[in-house]
Amino acid sequence: MAPVLNVGIIGTGIFARDRHLPSYEEMSSDFKVVAAFNRTKSKALDFGKRAGLPEEKIYDDIDGILADKDVSYVDALVPAQFNVLTAEKAIAAGKPILLEKPIAATMQQARELVKLSDSTDLPIGIAENWLYLGAIDVVQKHLPEIGAVIAFTHNSTGPFLTKNKYLSTSWRQNPEHIGGFLSDGGVHQLALVTHLLGEFDTVSALTKQVRKESGTDDIVFSTVKLVDSDVIGTFTYGSSFGATEKSVFLKIYGTKGSIEAQLSDKRNPVVKVQLGDSAETSEKEVIYPIKEDGSFGVNAEFKSFHEAVVKGDKSLYKGTPRVAFHHLACVAAFLESSAKNGDHVKVERV
Ligand SMILES: NC(=O)c1ccc[n+]([C@@H]2O[C@H](COP(=O)([O-])OP(=O)(O)OC[C@H]3O[C@@H](n4cnc5c(N)ncnc54)[C@H](OP(=O)(O)O)[C@@H]3O)[C@@H](O)[C@H]2O)c1
């Protein structure tokens, strides 16, 4: 039986309380939350009560939790601009660390984080839960059936939710991370597309700010060319529109058919496959329902990090800093392209 890993939580905000803690509790044969630290201590104490932690396991500073011998790894849920510093400290303390996405606030910091991760054998993960969606496995299974991939369309659009619990956080309203919501939520979409199809080589994009509370541009409409291939596509992301049905899908067009991952209904995603090399030979669409647990990839992601830590093999975890670097680099390229009125720009590679 795999050992139980003791987790120290750094940053006990909304996502730590509403998703990470429940996920760890659902998988109690693999994980136990044993310590917490938060800048505002009262919030960590509340979190500690929920998690059943004794008061001496609520730390006053990051160094305290990192020095705790009971902690097997730390899970840090802080704004992206603190990721590099937090990772540096965790590595110095010899602790593996799972950091929240996006990888960093700037490309300079993202480069530093990749360097830091390259400098150690400790697993340094960026929690990109969309890399662990069940739909990915089903698309991967059927992808060879549609022949050579020609093109794709990714769309993630939805209406503005004024009561969104994340929208009111001050660090989101005054983003230090490039692209604000474009990197906050957009990296999830980029993880899905690039994991299945490959990295973006160049992009031509227009971005703009719609919602005042976003603090910066919050929608992107773009065309894309993939690295080392002639696959082309479109990538559209935004959640600040007026009333419209929420629509999240990735459609991949091939020479012998097409596949669509339909994720608009988070709880009940489906993958649709239609085969045939022309309208005449086109077969009936086959629909594969996906079993997604309520965590939307987080539980599977934690299991994967668990394996990487236990086996001491950082390559077992999909969300490496190098992988997450690409997602932020795409956002940077969207912004650069838009500033140049949609000129095609190269996506930075590391
Ligand atoms: N994967 C996903 O789907 C997903 C979803 C939501 C969030 N996230 C990620 O989870 C992380 C937390 O987000 P959240 O929504 O939970 O936000 P949140 O509730 O605002 O939590 C942010 C945490 O960071 C701390 N913090 C903020 N500014 C700080 C500063 N200047 N110095 C030190 N600590 C600071 C806060 O401490 P205080 O209590 O003192 O303010 C709080 O503990 C973010 O990285 C976010 O991207 C991921």
# chains A, B, ... in the order shown; residues from 1 in each chain; ligands from 1
call {"tool": "residues_near_ligand", "arguments": {"ligand": "ligand 1", "cutoff": "8 Å", "atoms": "only C-alpha atoms and all ligand atoms", "output": "PyMOL selection string"}}
result
chain A and resi 10-17+38-41+43-44+76-80+82+99-102+127-130+165-166+169-172+184-185+188+298
call {"tool": "write_last_selection", "arguments": {"atoms": "N, CA, C and O atoms", "output": "short mmCIF file (atom, residue, chain, number, x, y, z; two decimals), in the first residue's frame"}}
result
data_model
loop_
_atom_site.label_atom_id
_atom_site.label_comp_id
_atom_site.auth_asym_id
_atom_site.auth_seq_id
_atom_site.Cartn_x
_atom_site.Cartn_y
_atom_site.Cartn_z
N ILE A 10 -0.14 26.09 2.26
CA ILE A 10 0.31 27.49 2.32
C ILE A 10 -0.70 28.32 1.54
O ILE A 10 -0.86 28.12 0.33
N GLY A 11 -1.42 29.21 2.23
CA GLY A 11 -2.46 30.00 1.57
C GLY A 11 -3.80 29.31 1.73
O GLY A 11 -4.17 28.45 0.93
N THR A 12 -4.53 29.70 2.79
CA THR A 12 -5.78 29.00 3.09
C THR A 12 -6.99 29.80 2.62
O THR A 12 -7.91 30.06 3.39
N GLY A 13 -6.97 30.20 1.36
CA GLY A 13 -8.08 30.98 0.80
C GLY A 13 -9.20 30.10 0.28
O GLY A 13 -9.38 28.95 0.71
N ILE A 14 -9.93 30.65 -0.71
CA ILE A 14 -11.15 30.00 -1.20
C ILE A 14 -10.88 28.60 -1.76
O ILE A 14 -11.56 27.63 -1.41
N PHE A 15 -9.90 28.52 -2.64
CA PHE A 15 -9.71 27.24 -3.33
C PHE A 15 -9.13 26.18 -2.39
O PHE A 15 -9.43 25.00 -2.52
N ALA A 16 -8.31 26.62 -1.44
CA ALA A 16 -7.77 25.68 -0.45
C ALA A 16 -8.92 25.08 0.37
O ALA A 16 -8.98 23.88 0.61
N ARG A 17 -9.84 25.95 0.76
CA ARG A 17 -10.95 25.52 1.62
C ARG A 17 -12.00 24.72 0.84
O ARG A 17 -12.46 23.68 1.27
N ASN A 38 -1.04 30.86 6.66
CA ASN A 38 -1.66 31.88 5.82
C ASN A 38 -1.19 33.25 6.30
O ASN A 38 -0.98 33.45 7.51
N ARG A 39 -1.03 34.19 5.35
CA ARG A 39 -0.59 35.54 5.70
C ARG A 39 -1.47 36.12 6.81
O ARG A 39 -0.98 36.62 7.82
N THR A 40 -2.79 36.02 6.66
CA THR A 40 -3.70 36.46 7.73
C THR A 40 -3.99 35.24 8.59
O THR A 40 -4.69 34.31 8.15
N LYS A 41 -3.46 35.25 9.81
CA LYS A 41 -3.48 34.02 10.60
C LYS A 41 -4.90 33.56 10.96
O LYS A 41 -5.17 32.35 11.02
N LYS A 43 -7.49 33.41 9.26
CA LYS A 43 -8.05 32.55 8.22
C LYS A 43 -7.44 31.14 8.29
O LYS A 43 -8.11 30.14 8.05
N ALA A 44 -6.17 31.09 8.66
CA ALA A 44 -5.52 29.77 8.80
C ALA A 44 -6.10 29.03 9.99
O ALA A 44 -6.25 27.81 9.96
N ALA A 76 0.84 24.98 -2.16
CA ALA A 76 0.76 26.44 -2.01
C ALA A 76 -0.28 27.03 -2.94
O ALA A 76 -0.22 26.86 -4.15
N LEU A 77 -1.24 27.73 -2.34
CA LEU A 77 -2.32 28.36 -3.12
C LEU A 77 -2.29 29.86 -2.87
O LEU A 77 -3.10 30.41 -2.11
N VAL A 78 -1.31 30.51 -3.48
CA VAL A 78 -1.13 31.95 -3.31
C VAL A 78 -1.11 32.60 -4.69
O VAL A 78 -0.91 31.91 -5.70
N PRO A 79 -1.33 33.93 -4.77
CA PRO A 79 -1.27 34.57 -6.07
C PRO A 79 0.07 34.28 -6.77
O PRO A 79 1.10 34.13 -6.12
N ALA A 80 0.00 34.22 -8.10
CA ALA A 80 1.13 33.71 -8.90
C ALA A 80 2.44 34.45 -8.65
O ALA A 80 3.53 33.86 -8.79
N PHE A 82 3.84 35.10 -6.05
CA PHE A 82 4.60 34.55 -4.91
C PHE A 82 5.13 33.15 -5.18
O PHE A 82 5.77 32.55 -4.31
N LEU A 99 2.39 23.99 -6.63
CA LEU A 99 2.02 25.41 -6.68
C LEU A 99 0.79 25.56 -7.55
O LEU A 99 0.61 24.80 -8.51
N GLU A 100 -0.02 26.56 -7.27
CA GLU A 100 -1.18 26.77 -8.12
C GLU A 100 -0.80 27.49 -9.42
O GLU A 100 0.19 28.19 -9.49
N LYS A 101 -1.63 27.27 -10.43
CA LYS A 101 -1.46 27.96 -11.71
C LYS A 101 -1.92 29.41 -11.59
O LYS A 101 -2.65 29.71 -10.66
N PRO A 102 -1.55 30.34 -12.49
CA PRO A 102 -0.54 30.15 -13.52
C PRO A 102 0.84 30.04 -12.90
O PRO A 102 1.04 30.42 -11.74
N ALA A 127 -0.18 23.13 -10.37
CA ALA A 127 -1.49 22.46 -10.35
C ALA A 127 -2.35 22.93 -11.52
O ALA A 127 -3.01 23.95 -11.45
N GLU A 128 -2.26 22.19 -12.58
CA GLU A 128 -3.06 22.48 -13.79
C GLU A 128 -4.04 21.32 -13.92
O GLU A 128 -3.81 20.39 -14.70
N ASN A 129 -5.13 21.38 -13.16
CA ASN A 129 -6.02 20.21 -13.05
C ASN A 129 -6.64 19.78 -14.37
O ASN A 129 -7.02 18.63 -14.54
N TRP A 130 -6.72 20.71 -15.36
CA TRP A 130 -7.32 20.32 -16.64
C TRP A 130 -6.47 19.28 -17.37
O TRP A 130 -6.95 18.60 -18.27
N LYS A 165 -17.37 33.87 -6.74
CA LYS A 165 -16.62 34.06 -5.48
C LYS A 165 -15.17 34.50 -5.73
O LYS A 165 -14.55 35.14 -4.91
N TYR A 166 -14.64 34.12 -6.89
CA TYR A 166 -13.24 34.46 -7.18
C TYR A 166 -13.08 35.92 -7.62
O TYR A 166 -12.03 36.52 -7.42
N THR A 169 -11.83 38.74 -5.20
CA THR A 169 -10.51 38.74 -4.56
C THR A 169 -9.68 39.91 -5.11
O THR A 169 -9.63 40.13 -6.32
N SER A 170 -9.04 40.65 -4.18
CA SER A 170 -8.40 41.90 -4.61
C SER A 170 -7.22 41.64 -5.55
O SER A 170 -6.97 42.41 -6.47
N TRP A 171 -6.52 40.52 -5.35
CA TRP A 171 -5.37 40.26 -6.23
C TRP A 171 -5.81 39.93 -7.65
O TRP A 171 -5.05 40.12 -8.60
N ARG A 172 -7.07 39.48 -7.82
CA ARG A 172 -7.57 39.26 -9.19
C ARG A 172 -8.03 40.59 -9.79
O ARG A 172 -7.90 40.81 -10.99
N ASP A 184 -5.34 33.47 -15.52
CA ASP A 184 -5.95 32.79 -14.37
C ASP A 184 -6.77 31.58 -14.84
O ASP A 184 -6.56 30.45 -14.42
N GLY A 185 -7.72 31.83 -15.77
CA GLY A 185 -8.56 30.73 -16.26
C GLY A 185 -8.08 30.20 -17.60
O GLY A 185 -8.25 29.02 -17.92
N HIS A 188 -5.96 26.94 -18.15
CA HIS A 188 -6.65 25.64 -18.11
C HIS A 188 -6.99 25.21 -19.54
O HIS A 188 -6.81 24.06 -19.93
N VAL A 298 -8.88 17.59 -10.12
CA VAL A 298 -7.99 17.85 -8.97
C VAL A 298 -7.61 16.54 -8.26
O VAL A 298 -6.44 16.33 -7.93
#
call {"tool": "select_by_dssp", "arguments": {"residues": "region 203-256 of chain A", "states": "strand (DSSP E or B)", "output": "ChimeraX atom specification"}}
result
/A:203-208,219-226,232-241,247-254
call {"tool": "residues_around", "arguments": {"residues": "Ser168 (chain A)", "least_positions_apart": "5", "cutoff": "10 Å", "atoms": "only C-alpha atoms", "output": "list in words"}}
result
Thr162, Lys163, Gln173, Glu213 and Ser214 of chain A
call {"tool": "residues_around", "arguments": {"residues": "Gly233 (chain A)", "least_positions_apart": "5", "cutoff": "12 Å", "atoms": "only C-alpha atoms", "output": "PyMOL selection string"}}
result
chain A and resi 149-155+193-194+197-205+221-226+250-253
call {"tool": "select_by_dssp", "arguments": {"residues": "region 10-248 of chain A", "states": "alpha helix (DSSP H)", "output": "NGL selection string"}}
result
:A and (14-15 or 21-26 or 41-51 or 62-67 or 83-92 or 107-118 or 134-142 or 170-173 or 181-184 or 186-197)
call {"tool": "residues_around", "arguments": {"residues": "Val270 (chain A)", "least_positions_apart": "6", "cutoff": "7 Å", "atoms": "only C-alpha atoms", "output": "PDB file with all heavy atoms, in the first residue's frame"}}
result
ATOM      1  N   ALA A 261     -14.480  17.374 -27.872  1.00  0.00           N
ATOM      2  CA  ALA A 261     -14.613  17.256 -26.414  1.00  0.00           C
ATOM      3  C   ALA A 261     -15.560  18.362 -26.002  1.00  0.00           C
ATOM      4  O   ALA A 261     -15.259  19.552 -26.170  1.00  0.00           O
ATOM      5  CB  ALA A 261     -13.261  17.423 -25.739  1.00  0.00           C
ATOM      6  N   GLN A 262     -16.704  17.982 -25.489  1.00  0.00           N
ATOM      7  CA  GLN A 262     -17.753  18.947 -25.135  1.00  0.00           C
ATOM      8  C   GLN A 262     -17.789  19.057 -23.604  1.00  0.00           C
ATOM      9  O   GLN A 262     -18.185  18.116 -22.912  1.00  0.00           O
ATOM     10  CB  GLN A 262     -19.071  18.424 -25.711  1.00  0.00           C
ATOM     11  CG  GLN A 262     -20.286  19.246 -25.409  1.00  0.00           C
ATOM     12  CD  GLN A 262     -20.141  20.733 -25.715  1.00  0.00           C
ATOM     13  OE1 GLN A 262     -20.050  21.533 -24.765  1.00  0.00           O
ATOM     14  NE2 GLN A 262     -20.104  21.102 -26.976  1.00  0.00           N
ATOM     15  N   LEU A 263     -17.334  20.206 -23.087  1.00  0.00           N
ATOM     16  CA  LEU A 263     -17.153  20.353 -21.636  1.00  0.00           C
ATOM     17  C   LEU A 263     -18.067  21.420 -21.030  1.00  0.00           C
ATOM     18  O   LEU A 263     -17.841  21.853 -19.899  1.00  0.00           O
ATOM     19  CB  LEU A 263     -15.698  20.720 -21.331  1.00  0.00           C
ATOM     20  CG  LEU A 263     -14.619  19.775 -21.898  1.00  0.00           C
ATOM     21  CD1 LEU A 263     -13.242  20.389 -21.770  1.00  0.00           C
ATOM     22  CD2 LEU A 263     -14.651  18.443 -21.189  1.00  0.00           C
ATOM     23  N   ILE A 287     -21.253   9.020 -29.354  1.00  0.00           N
ATOM     24  CA  ILE A 287     -21.066   9.894 -28.185  1.00  0.00           C
ATOM     25  C   ILE A 287     -20.569   9.075 -26.998  1.00  0.00           C
ATOM     26  O   ILE A 287     -21.177   8.063 -26.635  1.00  0.00           O
ATOM     27  CB  ILE A 287     -22.384  10.615 -27.822  1.00  0.00           C
ATOM     28  CG1 ILE A 287     -22.792  11.507 -29.006  1.00  0.00           C
ATOM     29  CG2 ILE A 287     -22.229  11.440 -26.541  1.00  0.00           C
ATOM     30  CD1 ILE A 287     -24.031  12.335 -28.782  1.00  0.00           C
ATOM     31  N   TYR A 288     -19.451   9.490 -26.424  1.00  0.00           N
ATOM     32  CA  TYR A 288     -18.889   8.805 -25.251  1.00  0.00           C
ATOM     33  C   TYR A 288     -19.077   9.700 -24.027  1.00  0.00           C
ATOM     34  O   TYR A 288     -18.418  10.749 -23.914  1.00  0.00           O
ATOM     35  CB  TYR A 288     -17.382   8.545 -25.454  1.00  0.00           C
ATOM     36  CG  TYR A 288     -17.097   7.663 -26.648  1.00  0.00           C
ATOM     37  CD1 TYR A 288     -16.834   8.212 -27.898  1.00  0.00           C
ATOM     38  CD2 TYR A 288     -17.085   6.281 -26.525  1.00  0.00           C
ATOM     39  CE1 TYR A 288     -16.575   7.413 -29.003  1.00  0.00           C
ATOM     40  CE2 TYR A 288     -16.837   5.463 -27.624  1.00  0.00           C
ATOM     41  CZ  TYR A 288     -16.586   6.046 -28.858  1.00  0.00           C
ATOM     42  OH  TYR A 288     -16.335   5.243 -29.943  1.00  0.00           O
ATOM     43  N   PRO A 289     -19.959   9.303 -23.108  1.00  0.00           N
ATOM     44  CA  PRO A 289     -20.099  10.107 -21.881  1.00  0.00           C
ATOM     45  C   PRO A 289     -18.874   9.897 -20.986  1.00  0.00           C
ATOM     46  O   PRO A 289     -18.316   8.800 -20.947  1.00  0.00           O
ATOM     47  CB  PRO A 289     -21.355   9.525 -21.208  1.00  0.00           C
ATOM     48  CG  PRO A 289     -21.833   8.406 -22.079  1.00  0.00           C
ATOM     49  CD  PRO A 289     -20.814   8.114 -23.119  1.00  0.00           C
ATOM     50  N   ILE A 290     -18.455  10.940 -20.305  1.00  0.00           N
ATOM     51  CA  ILE A 290     -17.268  10.851 -19.446  1.00  0.00           C
ATOM     52  C   ILE A 290     -17.705  10.845 -17.989  1.00  0.00           C
ATOM     53  O   ILE A 290     -18.548  11.658 -17.596  1.00  0.00           O
ATOM     54  CB  ILE A 290     -16.346  12.090 -19.634  1.00  0.00           C
ATOM     55  CG1 ILE A 290     -16.106  12.392 -21.106  1.00  0.00           C
ATOM     56  CG2 ILE A 290     -15.048  11.930 -18.869  1.00  0.00           C
ATOM     57  CD1 ILE A 290     -15.307  11.394 -21.848  1.00  0.00           C
TER      58      ILE A 290
END
call {"tool": "residues_around", "arguments": {"residues": "Gly312 (chain A)", "least_positions_apart": "6", "cutoff": "9 Å", "atoms": "only C-alpha atoms", "output": "list in words"}}
result
Asp121, Leu122 and Pro123 of chain A
call {"tool": "residues_around", "arguments": {"residues": "region 326-332 of chain A", "least_positions_apart": "5", "cutoff": "6 Å", "atoms": "only C-alpha atoms", "output": "MDAnalysis selection string"}}
result
chainID A and resid 187 190 347:348
call {"tool": "closest_residue", "arguments": {"among": "A:Gly94, A:Gly342, A:Gly257, A:Gly125", "to": "Glu283 (chain A)", "atoms": "only C-alpha atoms"}}
result
A:Gly257
call {"tool": "closest_residue", "arguments": {"among": "A:Val7, A:Ser295, A:Phe37, A:Val74", "to": "Asp60 (chain A)", "atoms": "only C-alpha atoms"}}
result
A:Phe37
call {"tool": "closest_residue", "arguments": {"among": "A:Lys291, A:Lys256, A:Lys89, A:Lys346", "to": "Asp63 (chain A)", "atoms": "only C-alpha atoms"}}
result
A:Lys89
call {"tool": "atom_distance", "arguments": {"atom1": "CA of Leu85 (chain A)", "atom2": "CA of Pro321 (chain A)"}}
result
14.3 Å
call {"tool": "closest_residue", "arguments": {"among": "A:Ala324, A:Leu21, A:Ala333, A:Leu192", "to": "Leu131 (chain A)", "atoms": "only C-alpha atoms"}}
result
A:Leu192
call {"tool": "closest_residue", "arguments": {"among": "A:Gly179, A:Ala339, A:Lys246, A:Glu307", "to": "Ala2 (chain A)", "atoms": "only C-alpha atoms"}}
result
A:Glu307
